[in-house]
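> This is final25.cif, which holds mmCIF, C-alpha atoms and all ligand atoms:
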```cif
data_data
loop_
_atom_site.label_atom_id
_atom_site.label_comp_id
_atom_site.auth_asym_id
_atom_site.auth_seq_id
_atom_site.Cartn_x
_atom_site.Cartn_y
_atom_site.Cartn_z
CA MET V 1 -29.06 -18.30 -14.46
CA ALA V 2 -25.36 -17.35 -14.66
CA ARG V 3 -26.02 -15.00 -17.58
CA VAL V 4 -28.90 -13.23 -15.83
CA VAL V 5 -26.82 -12.79 -12.66
CA THR V 6 -23.86 -11.52 -14.69
CA GLU V 7 -26.08 -9.02 -16.48
CA HIS V 8 -27.25 -7.74 -13.10
CA VAL V 9 -23.68 -7.56 -11.74
CA ARG V 10 -22.67 -5.47 -14.75
CA GLN V 11 -25.58 -3.12 -14.12
CA ILE V 12 -24.69 -2.38 -10.50
CA GLY V 13 -21.20 -3.76 -9.75
CA LYS V 14 -20.29 -6.86 -7.74
CA HIS V 15 -19.43 -4.70 -4.74
CA PHE V 16 -23.07 -3.55 -4.57
CA LEU V 17 -24.97 -6.84 -4.79
CA SER V 18 -27.86 -6.80 -2.34
CA GLU V 19 -28.02 -9.05 0.70
CA ARG V 20 -31.11 -10.73 -0.76
CA ILE V 21 -29.33 -11.68 -3.99
CA LEU V 22 -26.21 -12.82 -2.18
CA THR V 23 -28.30 -15.06 0.09
CA GLU V 24 -30.10 -16.53 -2.93
CA LEU V 25 -26.78 -17.22 -4.67
CA SER V 26 -25.45 -18.85 -1.52
CA ASP V 27 -28.55 -21.10 -1.38
CA ILE V 28 -28.14 -22.05 -5.02
CA ARG V 29 -24.54 -23.00 -4.31
CA SER V 30 -25.46 -25.28 -1.41
CA ARG V 31 -28.19 -27.00 -3.42
CA HIS V 32 -26.74 -27.27 -6.92
CA ALA V 33 -23.02 -26.47 -7.15
CA ILE V 34 -21.98 -29.96 -6.07
CA HIS V 35 -23.30 -31.24 -9.41
CA CYS V 36 -21.43 -28.73 -11.59
CA SER V 37 -17.83 -27.60 -11.08
CA PHE V 38 -18.43 -24.60 -13.37
CA LEU V 39 -21.37 -23.37 -11.31
CA ASP V 40 -19.33 -23.95 -8.17
CA ALA V 41 -16.41 -21.87 -9.51
CA PHE V 42 -18.78 -19.17 -10.80
CA LEU V 43 -20.45 -18.77 -7.39
CA ASP V 44 -17.12 -19.07 -5.58
CA CYS V 45 -16.03 -15.92 -7.44
CA LEU V 46 -19.32 -14.07 -7.04
CA LEU V 47 -19.56 -14.65 -3.29
CA ASP V 48 -15.92 -13.77 -2.56
CA LYS V 49 -16.56 -10.30 -1.12
CA ARG V 50 -19.43 -11.46 1.03
CA GLU V 51 -17.36 -14.32 2.46
CA GLY V 52 -14.18 -12.26 2.99
CA ARG V 53 -12.24 -14.24 0.34
CA TYR V 54 -11.93 -11.53 -2.30
CA TRP V 55 -8.55 -11.53 -4.10
CA ASN V 56 -6.96 -11.52 -7.55
CA ARG V 57 -8.08 -15.07 -8.42
CA THR V 58 -11.75 -14.44 -7.71
CA TYR V 59 -11.76 -10.87 -9.12
CA LEU V 60 -10.46 -12.30 -12.40
CA ALA V 61 -12.66 -15.45 -12.29
CA LEU V 62 -9.53 -17.55 -12.73
CA PRO V 63 -11.12 -20.71 -11.27
CA LEU V 64 -13.65 -20.62 -14.15
CA LEU V 65 -11.06 -19.88 -16.84
CA GLU V 66 -8.86 -22.68 -15.54
CA LEU V 67 -11.75 -25.16 -15.85
CA LEU V 68 -12.10 -24.07 -19.46
CA LEU V 69 -8.37 -24.70 -19.99
CA ASP V 70 -8.70 -28.18 -18.43
CA ASP V 71 -11.75 -29.12 -20.51
CA GLN V 72 -10.78 -31.85 -22.97
CA HIS V 73 -13.62 -31.14 -25.41
CA SER V 74 -12.71 -27.46 -25.75
CA GLU V 75 -8.96 -27.93 -26.42
CA VAL V 76 -8.05 -24.36 -25.50
CA SER V 77 -4.39 -23.61 -24.67
CA PRO V 78 -3.48 -20.63 -22.46
CA ASP V 79 -2.11 -18.89 -25.56
CA ARG V 80 -5.38 -19.40 -27.45
CA LEU V 81 -7.40 -18.29 -24.43
CA ALA V 82 -5.30 -15.10 -24.34
CA THR V 83 -6.44 -14.38 -27.92
CA LEU V 84 -10.07 -15.16 -27.04
CA LEU V 85 -9.95 -12.82 -24.04
CA VAL V 86 -8.56 -9.86 -25.99
CA SER V 87 -11.00 -10.60 -28.85
CA ASP V 88 -13.85 -10.41 -26.38
CA ALA V 89 -12.57 -7.06 -25.07
CA ILE V 90 -12.44 -5.74 -28.65
CA ARG V 91 -16.03 -6.88 -29.25
CA PHE V 92 -17.12 -5.19 -26.01
CA GLU V 93 -15.47 -1.92 -27.07
CA THR V 94 -16.83 -1.95 -30.64
CA GLU V 95 -20.35 -3.02 -29.64
CA THR V 96 -20.69 -0.46 -26.85
CA ALA V 97 -19.21 2.27 -29.08
CA GLY V 98 -22.53 2.29 -30.92
CA GLY V 99 -24.23 3.23 -27.66
CA SER V 100 -26.94 0.58 -27.74
CA SER V 101 -25.66 -1.88 -25.13
CA GLU V 102 -24.66 0.43 -22.33
CA PRO V 103 -26.09 3.44 -20.50
CA PRO V 104 -24.02 6.53 -21.38
CA CYS V 105 -23.36 7.38 -17.70
CA ARG V 106 -20.77 4.61 -17.60
CA GLY V 107 -18.26 6.72 -19.46
CA ARG V 108 -17.49 5.23 -22.85
CA PRO V 109 -14.14 6.41 -24.24
CA ASP V 110 -13.98 9.29 -26.70
CA PRO V 111 -13.37 8.24 -30.35
CA ALA V 112 -9.60 8.96 -30.27
CA THR V 113 -9.07 6.87 -27.10
CA LEU V 114 -11.21 4.08 -28.50
CA ARG V 115 -9.26 4.03 -31.77
CA LYS V 116 -5.97 3.77 -29.86
CA ARG V 117 -7.30 1.01 -27.59
CA LEU V 118 -8.56 -0.97 -30.57
CA ARG V 119 -5.35 -0.47 -32.53
CA HIS V 120 -3.24 -2.02 -29.73
CA ALA V 121 -5.75 -4.76 -28.99
CA LEU V 122 -6.08 -5.70 -32.68
CA ARG V 123 -2.32 -5.84 -33.01
CA PHE V 124 -2.29 -8.28 -30.09
CA VAL V 125 -4.62 -10.72 -31.86
CA ALA V 126 -3.45 -10.08 -35.45
CA ASP V 127 -0.71 -12.71 -35.43
CA ASP V 128 -3.16 -15.38 -34.38
CA LEU V 129 -5.62 -14.43 -37.09
CA GLY V 130 -2.89 -14.19 -39.75
CA GLY V 131 -3.80 -14.11 -43.43
CA PRO V 132 -2.83 -11.68 -46.17
CA ASP V 133 -5.49 -9.14 -45.22
CA ALA V 134 -4.61 -9.16 -41.51
CA ALA V 135 -3.68 -5.47 -41.63
CA ASP V 136 -7.27 -4.34 -42.31
CA PRO V 137 -8.81 -3.55 -38.86
CA GLN V 138 -12.43 -4.09 -39.91
CA ASP V 139 -11.53 -7.42 -41.45
CA LEU V 140 -9.84 -8.43 -38.20
CA VAL V 141 -12.87 -7.40 -36.11
CA ASP V 142 -15.11 -9.50 -38.37
CA ARG V 143 -12.86 -12.52 -37.97
CA LEU V 144 -12.34 -12.34 -34.21
CA PRO V 145 -12.51 -15.84 -32.76
CA ARG V 146 -15.22 -16.82 -30.28
CA PRO V 147 -15.01 -19.30 -27.41
CA PRO V 148 -15.63 -22.95 -28.34
CA ALA V 149 -19.28 -24.00 -28.58
CA THR V 150 -18.84 -26.60 -25.85
CA ASP V 151 -20.47 -26.85 -22.41
CA ALA V 152 -17.29 -25.37 -20.91
CA GLY V 153 -17.03 -22.66 -23.59
CA ARG V 154 -20.47 -21.36 -22.70
CA TRP V 155 -19.13 -20.20 -19.31
CA PHE V 156 -16.64 -17.86 -20.99
CA ASP V 157 -19.15 -15.01 -21.25
CA VAL V 158 -19.71 -14.90 -17.48
CA THR V 159 -16.04 -14.52 -16.58
CA VAL V 160 -16.21 -10.71 -16.28
CA GLN V 161 -17.75 -9.62 -12.97
CA PRO V 162 -16.82 -5.93 -12.54
CA VAL V 163 -16.85 -4.53 -9.00
CA TYR V 164 -18.32 -1.24 -10.27
CA VAL V 165 -20.16 0.14 -13.30
CA LEU V 166 -17.51 2.12 -15.17
CA HIS V 167 -16.79 1.21 -18.79
CA ASP V 168 -13.01 0.78 -18.53
CA GLU V 169 -13.11 -1.96 -15.88
CA TYR V 170 -14.31 -4.52 -18.46
CA PHE V 171 -11.21 -4.37 -20.64
CA PHE V 172 -8.98 -3.99 -17.54
CA ILE V 173 -10.27 -7.35 -16.26
CA ARG V 174 -9.77 -8.96 -19.69
CA VAL V 175 -6.19 -7.61 -19.86
CA LEU V 176 -5.30 -9.00 -16.42
CA GLN V 177 -6.84 -12.37 -17.30
CA THR V 178 -4.78 -12.38 -20.50
CA HIS V 179 -1.68 -11.64 -18.44
CA GLU V 180 -2.40 -14.79 -16.38
CA MET V 181 -2.73 -16.90 -19.53
CA LEU V 182 0.50 -15.61 -21.06
CA PHE V 183 2.42 -16.22 -17.85
CA THR V 184 0.96 -19.73 -17.64
CA GLU V 185 2.41 -20.32 -21.11
CA ILE V 186 5.74 -18.67 -20.26
CA ALA V 187 6.12 -20.79 -17.10
CA ARG V 188 5.35 -23.97 -19.11
CA ASN V 189 8.10 -23.12 -21.59
CA ILE V 190 10.64 -22.43 -18.85
CA ARG V 191 9.75 -25.71 -17.12
CA LYS V 192 10.32 -27.55 -20.42
CA ALA V 193 13.60 -25.65 -20.94
CA ILE V 194 14.88 -26.96 -17.58
CA GLY V 195 13.91 -30.51 -18.62
CA ALA V 196 15.68 -30.15 -21.97
CA LEU V 197 18.82 -28.84 -20.27
CA ARG V 198 18.85 -31.74 -17.80
CA ASP V 199 18.46 -34.14 -20.77
CA GLY V 200 21.55 -32.64 -22.40
CA LYS V 201 19.53 -30.94 -25.18
CA LEU V 202 20.93 -27.44 -24.97
CA THR V 203 19.69 -26.25 -28.37
CA ALA V 204 16.14 -27.30 -27.52
CA SER V 205 16.45 -25.51 -24.20
CA VAL V 206 17.62 -22.31 -25.92
CA GLU V 207 14.63 -22.46 -28.29
CA LEU V 208 12.22 -22.83 -25.38
CA VAL V 209 13.76 -19.88 -23.53
CA ASP V 210 13.52 -17.80 -26.71
CA HIS V 211 9.90 -18.81 -27.13
CA ALA V 212 9.21 -17.66 -23.56
CA THR V 213 10.88 -14.32 -24.42
CA ALA V 214 8.64 -13.98 -27.49
CA ILE V 215 5.52 -14.52 -25.37
CA PHE V 216 6.89 -11.91 -22.96
CA GLU V 217 6.92 -9.42 -25.84
CA ARG V 218 3.26 -10.20 -26.38
CA ALA V 219 2.64 -9.64 -22.65
CA ALA V 220 4.27 -6.20 -22.87
CA ALA V 221 1.62 -5.20 -25.41
CA LEU V 222 -0.94 -5.48 -22.62
CA PHE V 223 0.52 -2.35 -21.04
CA ARG V 224 -0.07 -0.41 -24.27
CA ILE V 225 -3.74 -1.41 -24.12
CA THR V 226 -3.97 -0.57 -20.40
CA ALA V 227 -2.34 2.83 -20.99
CA THR V 228 -5.58 3.86 -22.76
CA MET V 229 -7.50 3.48 -19.48
CA ARG V 230 -8.76 6.79 -18.11
CA ALA V 231 -6.93 7.39 -14.79
CA GLU V 232 -10.07 9.06 -13.42
CA GLN V 233 -12.13 5.90 -14.04
CA PHE V 234 -9.40 3.72 -12.56
CA SER V 235 -9.22 5.80 -9.39
CA VAL V 236 -12.98 5.38 -8.90
CA PHE V 237 -13.36 1.63 -9.45
CA ARG V 238 -10.13 0.75 -7.61
CA GLN V 239 -11.85 1.86 -4.38
CA PHE V 240 -13.71 -1.45 -4.66
CA THR V 241 -10.78 -3.64 -5.75
CA GLN V 242 -8.75 -3.18 -2.56
CA GLY V 243 -7.34 -6.56 -1.58
CA ALA V 244 -7.12 -7.85 -5.16
CA SER V 245 -3.78 -7.18 -6.84
CA ALA V 246 -1.55 -8.79 -9.46
CA ILE V 247 0.98 -9.16 -6.63
CA GLN V 248 -1.12 -12.30 -5.99
CA SER V 249 -0.51 -13.58 -9.53
CA GLU V 250 0.70 -17.15 -9.03
CA GLN V 251 1.67 -17.60 -12.67
CA TYR V 252 3.96 -14.55 -12.68
CA LYS V 253 5.71 -15.77 -9.53
CA LYS V 254 5.88 -19.36 -10.84
CA PHE V 255 7.74 -18.09 -13.86
CA GLU V 256 10.15 -16.23 -11.58
CA ILE V 257 10.94 -19.22 -9.32
CA LEU V 258 11.52 -21.45 -12.36
CA CYS V 259 14.26 -19.11 -13.54
CA GLY V 260 15.94 -19.15 -10.12
CA VAL V 261 15.00 -19.07 -6.44
CA PRO V 262 14.80 -15.37 -5.53
CA PRO V 263 17.13 -14.01 -2.86
CA ALA V 264 15.82 -14.37 0.72
CA PRO V 265 14.67 -10.72 1.16
CA ARG V 266 12.36 -11.00 -1.87
CA LEU V 267 11.21 -14.52 -1.02
CA HIS V 268 10.13 -13.31 2.41
CA SER V 269 8.64 -10.01 1.25
CA ALA V 270 5.05 -9.21 0.20
CA ALA V 271 6.01 -10.39 -3.29
CA PHE V 272 5.89 -14.00 -2.06
CA THR V 273 3.91 -13.90 1.19
CA ASN V 274 0.98 -13.09 -1.14
CA VAL V 275 1.52 -16.38 -2.99
CA PRO V 276 2.33 -18.86 -0.18
CA ALA V 277 1.92 -21.97 -2.35
CA VAL V 278 4.50 -20.66 -4.84
CA ARG V 279 6.87 -19.64 -2.03
CA ASP V 280 6.62 -23.17 -0.55
CA GLU V 281 7.33 -24.65 -3.96
CA ALA V 282 10.44 -22.45 -4.31
CA GLU V 283 11.67 -23.64 -0.92
CA SER V 284 10.99 -27.35 -1.46
CA ALA V 285 14.00 -29.62 -1.98
CA ALA V 286 12.50 -31.07 -5.19
CA HIS V 287 12.18 -27.68 -6.89
CA ASP V 288 14.42 -27.27 -9.96
CA THR V 289 15.35 -24.06 -11.76
CA VAL V 290 17.17 -22.92 -14.88
CA THR V 291 19.86 -21.46 -12.63
CA GLN V 292 20.37 -24.72 -10.71
CA ALA V 293 20.47 -26.82 -13.88
CA TYR V 294 22.95 -24.35 -15.40
CA LEU V 295 25.27 -24.45 -12.37
CA ASP V 296 25.12 -28.25 -12.04
CA LEU V 297 25.88 -28.84 -15.71
CA ARG V 298 28.61 -26.22 -15.81
CA ARG V 299 30.34 -27.92 -12.87
CA ALA V 300 29.93 -31.32 -14.56
CA GLY V 301 31.66 -29.96 -17.67
CA ALA V 302 28.68 -30.58 -19.93
CA PHE V 303 28.55 -28.78 -23.34
CA GLY V 304 31.22 -26.79 -25.16
CA GLN V 305 31.86 -23.05 -24.76
CA ALA V 306 30.00 -22.23 -28.00
CA GLU V 307 26.89 -23.92 -26.63
CA TRP V 308 27.17 -22.14 -23.29
CA ASN V 309 27.39 -18.86 -25.20
CA LEU V 310 24.12 -19.66 -26.96
CA LEU V 311 22.39 -20.31 -23.64
CA ASP V 312 23.95 -17.21 -22.03
CA SER V 313 22.61 -15.06 -24.88
CA ALA V 314 19.12 -16.56 -24.62
CA LEU V 315 19.01 -16.02 -20.84
CA GLY V 316 20.32 -12.47 -21.39
CA ARG V 317 17.47 -11.78 -23.83
CA LEU V 318 14.90 -13.09 -21.35
CA GLU V 319 16.38 -11.02 -18.51
CA ALA V 320 16.44 -7.88 -20.67
CA ARG V 321 12.82 -8.43 -21.72
CA HIS V 322 11.76 -8.88 -18.11
CA GLN V 323 13.61 -5.69 -17.14
CA ARG V 324 11.78 -3.76 -19.87
CA TRP V 325 8.46 -5.31 -18.75
CA LYS V 326 9.06 -4.13 -15.16
CA SER V 327 10.07 -0.59 -16.18
CA THR V 328 7.03 -0.20 -18.44
CA HIS V 329 4.77 -1.50 -15.70
CA ARG V 330 6.29 0.93 -13.23
CA SER V 331 5.80 3.89 -15.63
CA LEU V 332 2.16 2.90 -16.09
CA ALA V 333 1.69 2.77 -12.32
CA VAL V 334 3.29 6.22 -11.93
CA ARG V 335 0.74 7.58 -14.39
CA MET V 336 -2.34 5.79 -13.08
CA LEU V 337 -1.57 5.63 -9.37
CA GLY V 338 0.75 8.53 -8.54
CA ASP V 339 1.71 8.25 -4.89
CA ALA V 340 -1.31 6.17 -3.82
CA HIS V 341 -0.86 2.75 -2.22
CA GLY V 342 -1.25 -0.43 -4.30
CA SER V 343 -4.43 -2.47 -4.05
CA GLY V 344 -2.19 -5.29 -2.75
CA HIS V 345 -1.35 -3.09 0.29
CA THR V 346 2.21 -2.26 -0.78
CA ASP V 347 3.39 1.36 -0.86
CA GLY V 348 2.73 1.31 -4.64
CA VAL V 349 5.34 2.85 -6.96
CA PRO V 350 8.23 2.56 -4.41
CA TYR V 351 7.54 -1.21 -4.26
CA LEU V 352 7.71 -1.41 -8.06
CA THR V 353 10.89 0.69 -8.16
CA LYS V 354 12.54 -1.83 -5.84
CA CYS V 355 11.32 -4.68 -8.12
CA VAL V 356 13.21 -3.15 -11.08
CA GLU V 357 16.48 -3.81 -9.20
CA ASN V 358 15.80 -7.58 -9.01
CA ARG V 359 17.29 -9.98 -11.53
CA LEU V 360 15.92 -13.40 -12.56
CA PHE V 361 19.39 -14.92 -13.01
CA TRP V 362 21.11 -13.05 -10.16
CA GLN V 363 23.09 -16.15 -9.11
CA LEU V 364 24.54 -16.57 -12.60
CA SER V 365 25.76 -12.98 -12.76
CA GLU V 366 27.54 -13.56 -9.42
CA GLU V 367 29.40 -16.61 -10.80
C1 LIG B 401 -3.53 0.86 -13.85
C2 LIG B 401 -2.58 0.04 -14.14
C3 LIG B 401 -1.72 -0.62 -13.08
C4 LIG B 401 -1.30 -0.14 -11.88
C5 LIG B 401 -1.57 1.23 -11.26
C6 LIG B 401 -0.52 -1.19 -11.25
C7 LIG B 401 0.07 -1.09 -10.01
C8 LIG B 401 0.70 -2.11 -9.35
C9 LIG B 401 1.21 -2.04 -8.00
C10 LIG B 401 1.16 -0.82 -7.11
C11 LIG B 401 1.74 -3.24 -7.70
C12 LIG B 401 2.37 -3.64 -6.38
C13 LIG B 401 1.46 -4.51 -5.58
C14 LIG B 401 0.26 -3.80 -5.01
O1 LIG B 401 0.35 -3.17 -3.99
O2 LIG B 401 -0.82 -3.91 -5.65
C15 LIG B 401 1.58 -4.09 -8.87
C16 LIG B 401 2.03 -5.37 -8.96
C17 LIG B 401 1.94 -6.11 -10.10
N1 LIG B 401 1.29 -5.79 -11.26
FE1 LIG B 401 0.43 -4.03 -11.67
N2 LIG B 401 -0.48 -2.26 -12.08
C18 LIG B 401 -1.21 -1.95 -13.21
C19 LIG B 401 -1.44 -2.77 -14.29
C20 LIG B 401 -0.92 -4.02 -14.43
C21 LIG B 401 -1.09 -4.84 -15.59
C22 LIG B 401 -1.88 -4.44 -16.84
C23 LIG B 401 -0.41 -6.00 -15.33
C24 LIG B 401 -0.24 -7.18 -16.23
C25 LIG B 401 -0.45 -7.15 -17.51
C26 LIG B 401 0.16 -5.92 -14.02
C27 LIG B 401 0.90 -6.90 -13.41
C28 LIG B 401 1.44 -6.82 -12.14
C29 LIG B 401 2.20 -7.87 -11.52
C30 LIG B 401 2.57 -9.22 -12.12
C31 LIG B 401 2.54 -7.43 -10.23
C32 LIG B 401 3.39 -8.16 -9.20
C33 LIG B 401 4.82 -7.62 -9.27
C34 LIG B 401 5.72 -8.25 -8.23
O3 LIG B 401 5.26 -8.57 -7.12
O4 LIG B 401 6.92 -8.41 -8.52
N3 LIG B 401 -0.16 -4.69 -13.51
N4 LIG B 401 0.94 -3.36 -9.86
#
```
Go ahead and express the file in the form of structure tokens.

Amino acid sequence: MARVVTEHVRQIGKHFLSERILTELSDIRSRHAIHCSFLDAFLDCLLDKREGRYWNRTYLALPLLELLLDDQHSEVSPDRLATLLVSDAIRFETETAGGSSEPPCRGRPDPATLRKRLRHALRFVADDLGGPDAADPQDLVDRLPRPPATDAGRWFDVTVQPVYVLHDEYFFIRVLQTHEMLFTEIARNIRKAIGALRDGKLTASVELVDHATAIFERAAALFRITATMRAEQFSVFRQFTQGASAIQSEQYKKFEILCGVPPAPRLHSAAFTNVPAVRDEAESAAHDTVTQAYLDLRRAGAFGQAEWNLLDSALGRLEARHQRWKSTHRSLAVRMLGDAHGSGHTDGVPYLTKCVENRLFWQLSEE
């Protein structure tokens, strides 16, 4: 059932599902979803617009992807899921390039754009595929991994529900889902780095921060893929994505509050009112951060100066990487959005310009 519905959604766009189909889906949910958490999550995402609950999580089918991450039989880490998501986008682009699986009116990219998109996407997965012949693009395409053949893995294919029918929305959704997975992994590493620091294991903490920085570099590659999106396609399908924005990305904001609690103006701005659960976590007394652990241990006289220098350098690398990430994101938005408002109801590029001024470790630079 889920595959047939997904096929239909891709033919007409989720925004245009008929009242009859939406009612049928709602009936199916009340009768059957209680027996299957995957079906429940699938319908939760599909019925979001009808029920006035449409936002980033449901646009990106995150409830379904998270069930796949939690599934013990599938053993998929966020990092691995990131590779699977980009692999799927590559397959979509190469299969539709032949022209058989998609009506031409949907605007497939011209060969030069497609080549560029594939080059960046293949580079993203190449490390995971490894091997001496990893540089050969056709070889990489042939070896792209597929989701696990488990009950949970079978839901992977129905995690793209475009709001409209234009070609470029498919890979855009996959890129944003990948972003969520990478930030899940980055946040996990930062959480572990705080634990290591509190346990007096500074070297381990430095390694974890550096690993987070390396994943950040991978995340930056997503902008190179997105830069191949045609602005004219984006401006059409974004009419139907209003209300869903990466400003609602909980993983991105979780990463931020683990580095340090943001200053009050940011914590009480749209950046965090859009993610109330994360804001509450940042304000709870039990919440720990790299910054807090650093300040506590510094005051307690833990570690020698050479060790502090190592940690300072690692935090500096993470900050610099985040700054580059924000500038690249802003440049992309300038190109794709111009002076239009963001789909998260901010004023768009001016909001992002302000974000570039923020620092993760602002309290440490004030010390
Ligand atoms: C066409 C490309 C893109 C445009 C025009 C764009 C634009 C924007 C805008 C205007 C905002 C501010 C919130 C809003 O009003 O929506 C925003 C926030 C954000 N975007 Fe994008 N974006 C694009 C692609 C991406 C991609 C590919 C990613 C991730 C890989 C991403 C991640 C984020 C994140 C995490 C935020 C929240 C920033 C914060 O609140 O500090 N964006 N984006």
> Could you tell me how far atom CA of V:Ile194 lies from atom CA of V:Ala293, in Å and to one decimal?
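If I compute the distance from atom CA of V:Ile194 to atom CA of V:Ala293, I get 6.7 Å.
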> Quick one: of V:Gln11, V:Ser245, V:Thr289, V:Gln305, who's nearest to ligand LIG 401 (chain B), counting only C-alpha atoms and all ligand atoms?
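For ligand LIG 401 (chain B), the nearest of the candidates is V:Ser245.
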> Which is closest to V:Ser249 among V:Val261, V:Ala271, V:Leu122, V:Leu81, if we use only C-alpha atoms?
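Distance minimum relative to V:Ser249 lands on V:Ala271.
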> Taking into account all atoms listed in the file, which residue in the set V:Pro148, V:Gly130, V:Gly344, V:Gly260 is nearest to V:Ser365?
V:Gly260
> For the point (15.2, -26.2, -24.8) in the file's frame, write as a VMD selection string all residues with an atom no more than 9 Å away, counting only C-alpha atoms.
chain V and resid 189 to 190 192 to 197 201 to 210
> Given all atoms listed in the file, how would the per-residue table for chain V near ligand LIG 401 (chain B) read, listing every residue at most 8 Å away with its closest atom pair and distance in Å to one decimal, sorted by chain and number, as JSON lines?

```
{"residue": "V:Phe172", "atom": "CA", "partner": "B:LIG401", "partner_atom": "C22", "distance": 7.1}
{"residue": "V:Val175", "atom": "CA", "partner": "B:LIG401", "partner_atom": "C22", "distance": 6.1}
{"residue": "V:Leu176", "atom": "CA", "partner": "B:LIG401", "partner_atom": "C25", "distance": 5.3}
{"residue": "V:Thr178", "atom": "CA", "partner": "B:LIG401", "partner_atom": "C25", "distance": 7.4}
{"residue": "V:His179", "atom": "CA", "partner": "B:LIG401", "partner_atom": "C25", "distance": 4.7}
{"residue": "V:Glu180", "atom": "CA", "partner": "B:LIG401", "partner_atom": "C24", "distance": 7.9}
{"residue": "V:Ala219", "atom": "CA", "partner": "B:LIG401", "partner_atom": "C25", "distance": 6.5}
{"residue": "V:Ala220", "atom": "CA", "partner": "B:LIG401", "partner_atom": "C25", "distance": 7.2}
{"residue": "V:Leu222", "atom": "CA", "partner": "B:LIG401", "partner_atom": "C25", "distance": 5.4}
{"residue": "V:Phe223", "atom": "CA", "partner": "B:LIG401", "partner_atom": "C22", "distance": 5.3}
{"residue": "V:Thr226", "atom": "CA", "partner": "B:LIG401", "partner_atom": "C22", "distance": 5.7}
{"residue": "V:Ala227", "atom": "CA", "partner": "B:LIG401", "partner_atom": "C2", "distance": 7.4}
{"residue": "V:Met229", "atom": "CA", "partner": "B:LIG401", "partner_atom": "C1", "distance": 7.4}
{"residue": "V:Ala231", "atom": "CA", "partner": "B:LIG401", "partner_atom": "C1", "distance": 7.4}
{"residue": "V:Phe234", "atom": "CA", "partner": "B:LIG401", "partner_atom": "C1", "distance": 6.7}
{"residue": "V:Ala244", "atom": "CA", "partner": "B:LIG401", "partner_atom": "O2", "distance": 7.4}
{"residue": "V:Ser245", "atom": "CA", "partner": "B:LIG401", "partner_atom": "O2", "distance": 4.6}
{"residue": "V:Ala246", "atom": "CA", "partner": "B:LIG401", "partner_atom": "C29", "distance": 4.4}
{"residue": "V:Ile247", "atom": "CA", "partner": "B:LIG401", "partner_atom": "C32", "distance": 3.7}
{"residue": "V:Gln248", "atom": "CA", "partner": "B:LIG401", "partner_atom": "C32", "distance": 6.9}
{"residue": "V:Ser249", "atom": "CA", "partner": "B:LIG401", "partner_atom": "C30", "distance": 5.9}
{"residue": "V:Tyr252", "atom": "CA", "partner": "B:LIG401", "partner_atom": "C30", "distance": 5.5}
{"residue": "V:Lys253", "atom": "CA", "partner": "B:LIG401", "partner_atom": "O4", "distance": 7.5}
{"residue": "V:Ala270", "atom": "CA", "partner": "B:LIG401", "partner_atom": "O3", "distance": 7.4}
{"residue": "V:Ala271", "atom": "CA", "partner": "B:LIG401", "partner_atom": "O3", "distance": 4.3}
{"residue": "V:Phe272", "atom": "CA", "partner": "B:LIG401", "partner_atom": "O3", "distance": 7.4}
{"residue": "V:His329", "atom": "CA", "partner": "B:LIG401", "partner_atom": "N3", "distance": 6.3}
{"residue": "V:Arg330", "atom": "CA", "partner": "B:LIG401", "partner_atom": "C7", "distance": 7.3}
{"residue": "V:Leu332", "atom": "CA", "partner": "B:LIG401", "partner_atom": "C2", "distance": 5.9}
{"residue": "V:Ala333", "atom": "CA", "partner": "B:LIG401", "partner_atom": "C5", "distance": 3.8}
{"residue": "V:Val334", "atom": "CA", "partner": "B:LIG401", "partner_atom": "C5", "distance": 7.0}
{"residue": "V:Arg335", "atom": "CA", "partner": "B:LIG401", "partner_atom": "C5", "distance": 7.4}
{"residue": "V:Met336", "atom": "CA", "partner": "B:LIG401", "partner_atom": "C5", "distance": 5.0}
{"residue": "V:Leu337", "atom": "CA", "partner": "B:LIG401", "partner_atom": "C5", "distance": 4.8}
{"residue": "V:His341", "atom": "CA", "partner": "B:LIG401", "partner_atom": "O1", "distance": 6.3}
{"residue": "V:Gly342", "atom": "CA", "partner": "B:LIG401", "partner_atom": "O1", "distance": 3.2}
{"residue": "V:Ser343", "atom": "CA", "partner": "B:LIG401", "partner_atom": "O2", "distance": 4.2}
{"residue": "V:Gly344", "atom": "CA", "partner": "B:LIG401", "partner_atom": "O2", "distance": 3.5}
{"residue": "V:His345", "atom": "CA", "partner": "B:LIG401", "partner_atom": "O1", "distance": 4.6}
{"residue": "V:Thr346", "atom": "CA", "partner": "B:LIG401", "partner_atom": "O1", "distance": 3.8}
{"residue": "V:Asp347", "atom": "CA", "partner": "B:LIG401", "partner_atom": "O1", "distance": 6.3}
{"residue": "V:Gly348", "atom": "CA", "partner": "B:LIG401", "partner_atom": "C10", "distance": 3.6}
{"residue": "V:Val349", "atom": "CA", "partner": "B:LIG401", "partner_atom": "C10", "distance": 5.6}
{"residue": "V:Tyr351", "atom": "CA", "partner": "B:LIG401", "partner_atom": "C12", "distance": 6.1}
{"residue": "V:Leu352", "atom": "CA", "partner": "B:LIG401", "partner_atom": "C12", "distance": 6.0}
{"residue": "V:Cys355", "atom": "CA", "partner": "B:LIG401", "partner_atom": "O4", "distance": 5.8}
```
> So, with all atoms listed in the file as the atoms that count, which of V:Arg119, V:Lys14, V:Arg20, V:His32 lies closest to V:Cys45?
V:Lys14
